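Source file: run22.txt (compact mmCIF, C-alpha atoms and all ligand atoms)
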```txt
# COMPACT_ATOMS: atom_id res chain seq x y z
CA MET A 11 45.29 75.42 126.27
CA LYS A 12 41.86 76.67 127.14
CA LEU A 13 40.49 73.48 128.63
CA PHE A 14 43.50 73.22 130.87
CA LYS A 15 43.06 76.82 132.02
CA ASP A 16 39.40 76.16 132.67
CA ILE A 17 40.35 73.29 134.91
CA ILE A 18 42.85 75.39 136.81
CA ARG A 19 40.32 78.17 137.20
CA LEU A 20 37.66 75.75 138.40
CA SER A 21 40.01 73.95 140.71
CA ASN A 22 41.19 77.25 142.21
CA LYS A 23 37.62 78.25 142.77
CA LEU A 24 36.20 75.04 144.12
CA ILE A 25 39.03 73.17 145.62
CA TYR A 26 38.93 74.33 149.17
CA ASN A 27 35.90 72.70 150.67
CA LEU A 28 35.63 69.17 149.34
CA ASN A 29 37.73 66.42 147.88
CA ASP A 30 39.67 68.33 145.27
CA ASP A 31 40.25 65.39 142.98
CA LEU A 32 36.57 64.64 142.68
CA LEU A 33 35.69 68.26 142.11
CA VAL A 34 38.15 68.49 139.27
CA MET A 35 36.73 65.28 137.87
CA ARG A 36 33.18 66.41 138.06
CA LYS A 37 33.85 69.64 136.26
CA ILE A 38 35.61 68.12 133.29
CA ASP A 39 33.17 67.37 130.55
CA LEU A 40 34.80 64.27 129.19
CA THR A 41 32.66 61.49 127.93
CA SER A 42 35.61 59.15 128.01
CA PHE A 43 35.88 59.70 131.74
CA ASN A 44 32.33 58.86 132.68
CA VAL A 45 33.57 56.40 135.24
CA ALA A 46 35.77 58.46 137.52
CA THR A 47 38.05 56.25 139.49
CA SER A 48 40.62 57.50 141.98
CA GLU A 49 43.24 56.32 139.51
CA THR A 50 42.00 58.59 136.73
CA ALA A 51 41.67 61.47 139.20
CA ARG A 52 45.30 61.01 140.24
CA ASN A 53 46.31 60.93 136.58
CA ILE A 54 44.51 64.18 135.93
CA ASN A 55 46.24 65.89 138.85
CA ARG A 56 49.55 64.55 137.62
CA ARG A 57 48.91 65.93 134.14
CA ILE A 58 47.93 69.29 135.58
CA VAL A 59 51.07 69.50 137.73
CA LEU A 60 53.32 68.42 134.88
CA ASP A 61 51.79 70.99 132.57
CA LEU A 62 52.15 73.70 135.23
CA ILE A 63 55.84 72.86 135.52
CA ARG A 64 56.13 73.01 131.73
CA THR A 65 54.49 76.42 131.45
CA ARG A 66 55.80 78.05 134.67
CA GLN A 67 59.26 76.55 135.05
CA PRO A 68 61.29 77.07 137.16
CA VAL A 69 58.60 76.73 139.79
CA SER A 70 58.53 75.76 143.46
CA ARG A 71 56.28 73.16 145.07
CA ALA A 72 54.56 75.92 147.03
CA ASP A 73 53.77 77.76 143.82
CA LEU A 74 52.46 74.55 142.26
CA ALA A 75 50.12 74.11 145.22
CA ARG A 76 48.94 77.69 144.90
CA LEU A 77 48.52 77.56 141.12
CA SER A 78 46.76 74.20 141.02
CA GLY A 79 44.72 74.50 144.19
CA LEU A 80 45.93 71.01 145.14
CA GLN A 81 47.12 70.29 148.67
CA ARG A 82 50.83 70.53 149.43
CA SER A 83 50.92 66.84 150.34
CA THR A 84 49.38 65.90 146.98
CA ILE A 85 51.92 68.11 145.18
CA SER A 86 54.78 66.44 147.07
CA VAL A 87 53.65 62.94 146.11
CA ILE A 88 53.21 63.89 142.46
CA THR A 89 56.45 65.84 142.11
CA ASP A 90 58.48 63.10 143.82
CA GLN A 91 57.01 60.65 141.34
CA LEU A 92 57.82 62.94 138.39
CA VAL A 93 61.41 63.43 139.58
CA GLY A 94 61.74 59.65 140.01
CA GLU A 95 60.48 59.09 136.47
CA LYS A 96 62.93 61.71 135.07
CA TRP A 97 60.23 64.00 133.70
CA VAL A 98 61.28 66.71 136.11
CA THR A 99 64.49 67.74 137.88
CA GLU A 100 65.22 69.90 140.87
CA GLY A 101 67.36 72.92 140.13
CA ALA A 102 68.64 75.86 142.09
CA PHE A 103 67.43 76.93 145.49
CA GLY A 104 65.09 79.90 145.39
CA HIS A 105 65.56 83.00 147.49
CA LEU A 106 62.79 84.10 149.78
CA PRO A 107 62.98 87.05 152.18
CA ARG A 108 62.88 84.66 155.12
CA GLY A 109 62.19 81.04 155.97
CA ARG A 110 63.45 77.98 154.16
CA LYS A 111 64.65 78.09 150.60
CA PRO A 112 62.52 76.18 148.09
CA ARG A 113 64.08 74.14 145.31
CA PHE A 114 62.79 74.99 141.90
CA LEU A 115 61.48 72.33 139.58
CA HIS A 116 61.83 72.29 135.84
CA LEU A 117 61.35 69.87 132.98
CA ASN A 118 64.21 67.51 132.43
CA VAL A 119 64.64 68.78 128.87
CA GLU A 120 68.25 67.76 128.37
CA ARG A 121 67.92 64.24 129.61
CA THR A 122 64.43 63.24 128.52
CA GLY A 123 63.53 62.30 124.99
CA ILE A 124 60.58 61.26 122.88
CA ILE A 125 60.87 59.39 119.62
CA GLY A 126 58.58 60.54 116.82
CA ILE A 127 58.03 58.40 113.73
CA ASN A 128 56.26 59.52 110.58
CA VAL A 129 55.44 56.64 108.25
CA ARG A 130 54.78 57.58 104.65
CA PRO A 131 54.88 55.71 101.39
CA VAL A 132 58.37 56.04 99.85
CA GLU A 133 60.02 57.56 102.93
CA THR A 134 59.76 57.22 106.71
CA LYS A 135 61.28 59.60 109.24
CA ILE A 136 62.47 58.89 112.77
CA ALA A 137 63.32 61.78 115.07
CA LEU A 138 64.45 62.29 118.63
CA ALA A 139 62.72 65.23 120.30
CA ASP A 140 63.19 66.83 123.69
CA LEU A 141 60.27 67.75 125.93
CA ASN A 142 59.93 71.08 124.13
CA ALA A 143 59.42 69.12 120.89
CA GLN A 144 62.72 70.37 119.48
CA PHE A 145 64.28 67.74 117.24
CA THR A 146 67.81 66.85 118.25
CA ALA A 147 68.40 63.94 115.87
CA GLN A 148 66.65 62.77 112.75
CA GLU A 149 66.94 60.19 109.98
CA SER A 150 64.98 59.20 106.88
CA PHE A 151 64.87 55.84 105.20
CA PRO A 152 62.96 54.22 102.33
CA THR A 153 59.66 52.66 103.41
CA ALA A 154 59.74 48.97 102.49
CA ALA A 155 56.85 47.82 100.33
CA ASN A 156 56.10 44.89 102.61
CA ALA A 157 54.78 45.70 106.09
CA ASP A 158 56.74 42.90 107.83
CA ASP A 159 60.02 44.02 106.25
CA PHE A 160 59.21 47.58 107.21
CA ILE A 161 58.57 46.70 110.85
CA THR A 162 61.86 44.75 111.09
CA ASP A 163 63.77 47.67 109.56
CA LEU A 164 62.01 50.28 111.70
CA ASN A 165 62.55 48.40 114.96
CA GLU A 166 66.27 48.01 114.28
CA ARG A 167 66.66 51.69 113.46
CA VAL A 168 64.76 52.82 116.55
CA ALA A 169 66.79 50.47 118.76
CA THR A 170 70.00 51.91 117.25
CA LEU A 171 68.81 55.46 117.90
CA ILE A 172 68.12 54.58 121.53
CA ARG A 173 71.49 52.86 121.97
CA SER A 174 73.34 55.84 120.48
CA HIS A 175 71.83 58.19 123.10
CA PRO A 176 72.68 56.45 126.38
CA GLN A 177 72.38 59.72 128.30
CA VAL A 178 68.72 60.16 127.32
CA PHE A 179 65.79 58.80 129.31
CA PHE A 180 63.12 57.89 126.74
CA GLU A 181 59.51 58.54 127.66
CA GLY A 182 57.81 56.89 124.72
CA ILE A 183 57.43 56.54 120.98
CA GLY A 184 54.74 58.26 118.90
CA VAL A 185 53.97 56.85 115.45
CA SER A 186 51.83 58.59 112.84
CA VAL A 187 50.62 56.46 109.96
CA PRO A 188 48.90 57.18 106.63
CA GLY A 189 45.72 55.28 107.46
CA ARG A 190 43.16 54.76 110.19
CA VAL A 191 43.97 53.04 113.47
CA ASP A 192 41.51 50.82 115.30
CA LEU A 193 40.68 52.48 118.60
CA GLU A 194 40.86 49.32 120.69
CA SER A 195 43.36 47.05 119.02
CA LYS A 196 45.61 49.99 117.95
CA ARG A 197 46.25 48.15 114.70
CA LEU A 198 46.51 50.03 111.42
CA VAL A 199 43.21 49.17 109.74
CA PHE A 200 44.08 50.13 106.16
CA ALA A 201 46.65 52.33 104.45
CA PRO A 202 45.45 52.55 100.83
CA ASN A 203 48.63 54.20 99.53
CA LEU A 204 50.80 51.46 101.02
CA GLY A 205 48.37 48.62 100.39
CA TRP A 206 48.76 47.56 104.04
CA ARG A 207 45.82 46.13 105.97
CA ASP A 208 45.47 45.15 109.61
CA VAL A 209 49.07 45.82 110.65
CA ASP A 210 50.30 45.82 114.25
CA PHE A 211 53.23 48.25 114.67
CA LYS A 212 52.70 48.76 118.37
CA THR A 213 53.39 45.30 119.83
CA PRO A 214 56.66 44.54 117.98
CA LEU A 215 58.02 48.07 118.54
CA GLU A 216 57.20 47.90 122.25
CA LYS A 217 58.91 44.53 122.47
CA ALA A 218 61.98 45.80 120.61
CA THR A 219 62.39 48.94 122.72
CA ASN A 220 60.67 48.31 126.04
CA LEU A 221 58.99 51.71 125.63
CA SER A 222 55.31 52.54 125.35
CA VAL A 223 54.18 53.22 121.79
CA GLU A 224 51.27 55.45 120.75
CA ILE A 225 50.05 55.04 117.18
CA GLU A 226 47.65 57.38 115.43
CA ASN A 227 46.50 58.44 112.01
CA ALA A 228 48.81 61.20 110.71
CA ALA A 229 46.02 63.77 110.27
CA ASN A 230 44.70 63.10 113.77
CA ALA A 231 48.22 63.47 115.15
CA CYS A 232 48.63 66.78 113.30
CA ALA A 233 45.28 68.03 114.64
CA LEU A 234 46.34 67.15 118.19
CA ALA A 235 49.67 68.92 117.65
CA GLU A 236 47.91 72.08 116.42
CA ILE A 237 45.93 72.24 119.64
CA TRP A 238 48.80 71.10 121.82
CA PHE A 239 51.43 73.55 120.59
CA GLU A 240 48.93 76.43 120.33
CA GLN A 241 50.63 78.02 117.38
CA ARG A 242 47.51 79.85 116.38
CA GLY A 243 46.25 81.42 119.54
CA GLU A 244 44.28 80.03 122.39
CA GLY A 245 40.78 78.74 122.46
CA ILE A 246 40.60 76.75 119.24
CA ARG A 247 37.92 74.16 119.84
CA ASP A 248 36.94 73.37 116.27
CA LEU A 249 39.76 72.63 113.88
CA VAL A 250 40.44 70.33 110.98
CA ALA A 251 43.96 69.28 109.99
CA VAL A 252 44.17 68.17 106.36
CA THR A 253 47.26 66.18 105.41
CA ILE A 254 47.93 66.35 101.70
CA SER A 255 50.51 63.89 100.46
CA GLU A 256 50.21 60.68 98.44
CA GLY A 257 46.62 60.71 99.71
CA ILE A 258 44.49 63.08 101.77
CA GLY A 259 43.62 62.63 105.43
CA THR A 260 41.65 64.75 107.85
CA GLY A 261 41.88 64.99 111.63
CA ILE A 262 38.91 66.70 113.22
CA ILE A 263 38.82 68.47 116.57
CA ALA A 264 35.15 69.21 117.38
CA ASN A 265 34.15 70.90 120.64
CA GLY A 266 37.74 70.54 121.84
CA GLN A 267 37.77 66.77 121.35
CA LEU A 268 39.31 64.64 118.67
CA MET A 269 36.46 63.14 116.67
CA ARG A 270 37.19 59.45 116.40
CA GLY A 271 33.96 57.87 115.24
CA ALA A 272 33.01 54.27 115.81
CA LYS A 273 36.14 52.08 116.08
CA GLY A 274 38.22 55.25 115.70
CA VAL A 275 38.14 55.35 111.93
CA ALA A 276 36.41 58.72 111.37
CA GLY A 277 37.98 61.41 109.21
CA GLU A 278 38.27 59.71 105.85
CA PHE A 279 37.10 62.69 103.81
CA GLY A 280 39.88 61.84 101.37
CA HIS A 281 37.80 58.83 100.35
CA VAL A 282 34.49 60.63 99.96
CA SER A 283 33.63 60.66 96.28
CA ILE A 284 33.46 64.09 94.65
CA LYS A 285 32.84 62.70 91.16
CA GLU A 286 30.24 60.09 90.38
CA ASN A 287 31.79 57.42 88.15
CA GLY A 288 35.13 59.17 88.57
CA GLU A 289 38.52 57.52 88.40
CA LEU A 290 39.17 54.41 90.46
CA CYS A 291 40.83 55.03 93.83
CA LYS A 292 43.23 52.69 95.63
CA CYS A 293 40.53 52.19 98.27
CA GLY A 294 38.25 50.60 95.66
CA ASN A 295 35.82 53.52 95.49
CA ARG A 296 35.51 55.84 92.49
CA GLY A 297 36.06 59.57 92.27
CA CYS A 298 37.49 60.02 95.79
CA TRP A 299 38.63 63.51 96.80
CA GLU A 300 42.26 62.36 97.01
CA VAL A 301 42.19 61.03 93.46
CA TYR A 302 41.91 64.68 92.32
CA ALA A 303 43.59 66.74 95.03
CA SER A 304 46.58 64.76 96.37
CA ASN A 305 50.23 65.02 95.32
CA SER A 306 49.67 61.85 93.27
CA ALA A 307 46.85 63.61 91.40
CA ALA A 308 49.15 66.48 90.39
CA ILE A 309 51.87 64.04 89.31
CA ASN A 310 49.40 62.06 87.19
CA GLN A 311 48.05 65.21 85.59
CA TYR A 312 51.54 66.45 84.76
CA VAL A 313 52.61 63.09 83.32
CA GLN A 314 49.53 62.97 81.12
CA ALA A 315 49.97 66.56 79.95
CA THR A 316 53.63 66.06 79.05
CA SER A 317 53.07 62.75 77.26
CA GLY A 318 50.32 64.09 75.00
CA GLY A 319 47.56 62.53 77.02
CA ARG A 320 49.13 59.08 77.09
CA THR A 321 50.02 57.40 80.33
CA ASN A 322 53.50 55.95 80.90
CA LYS A 323 52.12 52.48 80.27
CA GLN A 324 50.75 53.47 76.88
CA ASN A 325 54.09 54.99 75.99
CA GLY A 326 55.55 51.51 76.10
CA SER A 327 59.08 50.50 76.96
CA SER A 328 60.65 53.08 74.66
CA ASP A 329 59.94 55.75 77.30
CA ASN A 330 62.19 55.09 80.26
CA ARG A 331 61.68 58.44 81.92
CA GLN A 332 61.05 58.28 85.64
CA PRO A 333 57.80 60.02 86.58
CA PRO A 334 58.52 63.31 88.35
CA THR A 335 58.21 63.59 92.10
CA PHE A 336 55.86 66.12 93.60
CA LYS A 337 58.87 68.21 94.59
CA ASP A 338 59.86 68.28 90.89
CA ILE A 339 56.44 69.65 90.01
CA LEU A 340 56.69 72.36 92.67
CA ARG A 341 60.12 73.33 91.35
CA LEU A 342 59.03 73.29 87.70
CA ALA A 343 55.99 75.44 88.44
CA GLU A 344 58.22 77.88 90.29
CA GLN A 345 60.50 78.02 87.23
CA GLY A 346 57.55 78.89 85.00
CA ASP A 347 56.69 75.48 83.51
CA ALA A 348 53.10 75.95 82.33
CA LYS A 349 52.13 72.27 82.59
CA ALA A 350 53.46 71.93 86.13
CA ALA A 351 51.67 75.15 87.08
CA GLU A 352 48.44 73.83 85.57
CA ALA A 353 48.79 70.57 87.54
CA LEU A 354 49.09 72.57 90.76
CA ASP A 355 46.17 74.81 89.79
CA GLN A 356 43.98 71.75 89.18
CA MET A 357 45.09 70.28 92.50
CA ALA A 358 44.24 73.56 94.25
CA TYR A 359 40.84 73.68 92.54
CA HIS A 360 40.02 70.18 93.76
CA LEU A 361 41.38 70.91 97.21
CA GLY A 362 38.87 73.77 97.30
CA ILE A 363 36.04 71.47 96.20
CA GLY A 364 36.79 68.99 98.99
CA LEU A 365 37.37 71.66 101.63
CA THR A 366 33.82 72.87 101.14
CA MET A 367 32.68 69.52 102.56
CA LEU A 368 34.49 70.54 105.74
CA THR A 369 33.56 74.23 105.82
CA THR A 370 29.88 73.58 105.11
CA GLY A 371 29.51 70.36 107.05
CA ILE A 372 31.64 70.98 110.12
CA ALA A 373 32.22 74.78 110.23
CA PRO A 374 35.60 74.68 111.97
CA GLN A 375 37.29 77.90 113.13
CA THR A 376 40.47 76.81 111.40
CA ILE A 377 41.50 74.40 108.69
CA VAL A 378 45.23 73.72 108.66
CA LEU A 379 46.68 72.33 105.45
CA ILE A 380 49.74 70.14 105.89
CA GLY A 381 51.95 69.02 103.03
CA GLU A 382 54.59 70.06 100.50
CA VAL A 383 51.94 71.82 98.43
CA THR A 384 51.81 74.64 101.00
CA GLN A 385 55.22 75.72 99.65
CA ALA A 386 53.21 77.01 96.68
CA TRP A 387 50.72 78.82 98.95
CA LYS A 388 50.79 82.04 96.91
CA ARG A 389 49.67 80.07 93.87
CA ILE A 390 47.17 77.70 95.43
CA TYR A 391 45.51 79.80 98.14
CA PRO A 392 43.70 82.28 95.82
CA ILE A 393 42.23 79.31 93.93
CA ILE A 394 41.18 77.50 97.10
CA LYS A 395 39.71 80.69 98.51
CA ARG A 396 37.68 81.36 95.35
CA VAL A 397 36.26 77.83 95.15
CA VAL A 398 35.35 77.75 98.85
CA ALA A 399 33.75 81.21 98.62
CA GLU A 400 31.65 80.13 95.63
CA ARG A 401 30.49 76.85 97.10
CA SER A 402 30.39 77.54 100.82
CA PRO A 403 29.61 81.27 101.19
CA SER A 404 29.23 81.22 104.98
CA ALA A 405 32.73 79.82 105.33
CA GLN A 406 34.29 83.23 104.69
CA THR A 407 33.15 84.56 108.04
CA ILE A 408 33.68 81.33 109.98
CA THR A 409 36.69 79.39 108.78
CA ARG A 410 40.31 80.41 108.31
CA ILE A 411 42.28 78.22 105.94
CA VAL A 412 45.97 78.35 106.77
CA PRO A 413 49.15 76.44 105.90
CA ALA A 414 51.11 74.57 108.57
CA GLU A 415 54.69 75.72 109.02
CA ALA A 416 56.73 73.31 106.93
CA ALA A 417 59.83 74.09 108.99
CA GLU A 418 58.16 72.63 112.04
CA GLN A 419 57.73 69.28 110.29
CA PRO A 420 54.09 69.01 111.34
CA ARG A 421 53.70 65.27 110.83
CA LEU A 422 56.72 64.48 112.99
CA ARG A 423 55.61 67.06 115.54
CA GLY A 424 52.23 65.33 115.55
CA SER A 425 53.82 62.01 116.44
CA VAL A 426 55.69 63.67 119.34
CA ALA A 427 52.43 65.31 120.49
CA LEU A 428 50.94 61.82 120.86
CA ILE A 429 53.31 61.20 123.77
CA LEU A 430 53.25 64.72 125.20
CA GLN A 431 49.47 64.99 125.32
CA LYS A 432 49.31 61.65 127.08
CA HIS A 433 51.34 62.99 129.99
CA PHE A 434 50.69 66.71 130.16
CA GLY A 435 47.56 68.69 130.86
CA ALA A 436 43.98 67.52 131.05
CA PRO A 437 43.09 64.38 129.09
CA ALA A 438 41.00 66.22 126.54
CA PHE A 439 41.99 63.85 123.80
CA ALA A 440 42.09 60.60 125.72
ZN ZN A 501 39.36 56.30 97.92
```
For the file at hand, write its structure as structure tokens.
Ligand SMILES: [Zn+2]
Amino acid sequence: MKLFKDIIRLSNKLIYNLNDDLLVMRKIDLTSFNVATSETARNINRRIVLDLIRTRQPVSRADLARLSGLQRSTISVITDQLVGEKWVTEGAFGHLPRGRKPRFLHLNVERTGIIGINVRPVETKIALADLNAQFTAQESFPTAANADDFITDLNERVATLIRSHPQVFFEGIGVSVPGRVDLESKRLVFAPNLGWRDVDFKTPLEKATNLSVEIENAANACALAEIWFEQRGEGIRDLVAVTISEGIGTGIIANGQLMRGAKGVAGEFGHVSIKENGELCKCGNRGCWEVYASNSAAINQYVQATSGGRTNKQNGSSDNRQPPTFKDILRLAEQGDAKAAEALDQMAYHLGIGLTMLTTGIAPQTIVLIGEVTQAWKRIYPIIKRVVAERSPSAQTITRIVPAEAAEQPRLRGSVALILQKHFGAPAFA
């Protein structure tokens, strides 16, 4: 976490002569913190201390003071608060050559939990994670077609999860959704693949659970998680997370900050048209990137290829075959089915076309692709690489295109990161 380290370095260097809080404030280049109140300064110190405990645990209060450059009295106030709120516990006494024995602090991993929710068309996942973002319980359930029904179902399931873990102190709920979220109202603006508009998940879920709820677009949440968990080395300041599922979403970290755009709805590259007069998209536009490069695109292509160019509708009622799932297509391609392989190749080609918008226009250090399609990385990556190289030659020396680890469940991890990044470290993404 480079920004965090910068803050520590600066605070160590500058802290001794003036008001430390204000110095830390002044040195953080955060447009969202233009108005520095003592409240935000205290929050920043709290985040710094909590993140130091996370990365250095077990750690004494004296060490925290030394590492952060904050005064001992400030450290005492903050750590007492963190212990009271169950984020942190006091463990064994340390051994020093002489003098009093300090008690070591560590994260309350066993007793503290975060609920992560990943909403997708067809299936939604709820997971309980500890403070290290390890999932300790998880369930999936069908996503109701109607948003009100879905919210009722979701709230009941989350309440049941909470009740069944009475020993856990819950710190919050992170929800990632397949659409953009209004920055101020926190309402889901539009989820084209669910047909939901202007939906409020936050208020009913907070009422049902009495916990704070953070809601964010899935691609944004994944981008935050990439930075937060630092899987790919330190110092990434320009990164795009591309979620490829029923649709395509992008979450953009530029200059170390999540790019939100006006009203928070930036990142809809999936709905930028790559074909004039192309096929109609669920958003109402024609020829959108996701019409050609999403899981749905591969399914449609496969269905058309296997029905002699006719759609299911044209086949009439005599054809009762269920359309394949995207997982079916991955499996068929793996087994050597030429039509499934061709559907994936076409998807990869169009992924490459759209990715050149990002490589040429934004020049990120890293593009992380998230979705089931990365299971076929050996097949799709050479195609993506070729298309990007042809259309965005400078990208080869600037941008790495990598798959997210499917085992880490990146979308769920992203929803957990929404809560973690709110409490730990500097508020780079506030
Ligand atoms: Zn569209």
Show me a table, sorted first by chain and then by increasing residue number, of the residues of chain A having an atom at most 9 Å from ligand ZN 501 (chain A), each with its shortest atom pair and the distance in Å to one decimal, counting all atoms listed in the file and written as CSV.
```
residue,atom,partner,partner_atom,distance
A:Pro202,CA,A:ZN501,ZN,7.7
A:Gly257,CA,A:ZN501,ZN,8.7
A:Glu278,CA,A:ZN501,ZN,8.7
A:Phe279,CA,A:ZN501,ZN,9.0
A:Gly280,CA,A:ZN501,ZN,6.5
A:His281,CA,A:ZN501,ZN,3.8
A:Val282,CA,A:ZN501,ZN,6.8
A:Ser283,CA,A:ZN501,ZN,7.4
A:Leu290,CA,A:ZN501,ZN,7.7
A:Cys291,CA,A:ZN501,ZN,4.5
A:Lys292,CA,A:ZN501,ZN,5.8
A:Cys293,CA,A:ZN501,ZN,4.3
A:Gly294,CA,A:ZN501,ZN,6.2
A:Asn295,CA,A:ZN501,ZN,5.1
A:Arg296,CA,A:ZN501,ZN,6.7
A:Gly297,CA,A:ZN501,ZN,7.3
A:Cys298,CA,A:ZN501,ZN,4.7
A:Trp299,CA,A:ZN501,ZN,7.3
A:Glu300,CA,A:ZN501,ZN,6.8
A:Val301,CA,A:ZN501,ZN,7.1
```
Which is closest to Ile377 (chain A) among A:Leu215, A:Val178, A:Ala233, A:Leu221, if we use all atoms listed in the file? A:Ala233
Smallest atom-to-atom distance to Val187 (chain A): which of A:Thr409, A:Asn203, A:Gln332, A:Gln81, using all atoms listed in the file?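 Smallest distance to Val187 (chain A) is found for A:Asn203.
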Among listed residues A:Ala307, A:Leu368, A:Ile225, A:Ala218, nearest Ala264 (chain A) (using only C-alpha atoms):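 Nearest candidate to Ala264 (chain A) out of A:Ala307, A:Leu368, A:Ile225, A:Ala218: A:Leu368.
CA of Pro68 (chain A) to CA of Leu92 (chain A) spans 14.6 Å [interatomic distance, one decimal].
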Please write as number ranges by chain the list of polymer residues whose atoms come within 8 Å of (57.0, 58.5, 85.8), counting only C-alpha atoms and keeping to the coordinates of the file. A: 313, 322, 331-334
So, with all atoms listed in the file as the atoms that count, which of A:Leu379, A:Ile237, A:Ala386, A:Ile258 lies closest to Asp355 (chain A)?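 Nearest to Asp355 (chain A): A:Ala386.
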So that I can check the surroundings of Leu340 (chain A), please list as a compact mmCIF listing (two decimals) with C-alpha atoms, in the frame of the given file every protein, DNA and RNA residue that reaches within 9 Å of it, counting only C-alpha atoms and ignoring chain neighbours fewer than 4 positions away.
```
# COMPACT_ATOMS: atom_id res chain seq x y z
CA THR A 335 58.21 63.59 92.10
CA PHE A 336 55.86 66.12 93.60
CA GLU A 344 58.22 77.88 90.29
CA GLN A 345 60.50 78.02 87.23
CA ALA A 350 53.46 71.93 86.13
CA ALA A 351 51.67 75.15 87.08
CA LEU A 354 49.09 72.57 90.76
CA GLU A 382 54.59 70.06 100.50
CA VAL A 383 51.94 71.82 98.43
CA GLN A 385 55.22 75.72 99.65
CA ALA A 386 53.21 77.01 96.68
```
Residue among A:Glu226, A:Glu256, A:Glu286, A:Glu95 lying closest to Ser304 (chain A), counting all atoms listed in the file: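 Smallest separation from Ser304 (chain A) among the options: A:Glu256.
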Would you pick out the contacts of Leu234 (chain A) at 9 Å or less, using all atoms listed in the file, so that residues sharing its chain but fewer than 4 positions from it are not included, and give the list as a list in words?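 What passes the distance filter is Ala229, Asn230, Trp238, Phe239, Ala251, Gly261, Ile262, Ile263, Leu268, Gly424, Ala427, Leu428, Gln431 and Phe439 of chain A.
In terms of minimum interatomic distance to Phe180 (chain A), A:Ile125 ranks closest within A:Ile125, A:Val412, A:Val223, A:Ile136, counting all atoms listed in the file.
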Report the distance between CA of Ala139 (chain A) and CA of Thr384 (chain A) in Å, rounded to one decimal place. 24.1 Å
Work out how far CA of Gly277 (chain A) is from CA of Ala308 (chain A), in Å to one decimal. 22.5 Å
Sphere at (57.4, 74.9, 147.5), radius 10 Å, counting only C-alpha atoms: residues as a PyMOL selection string: chain A and resi 69-76+82+85-86+104+110-115
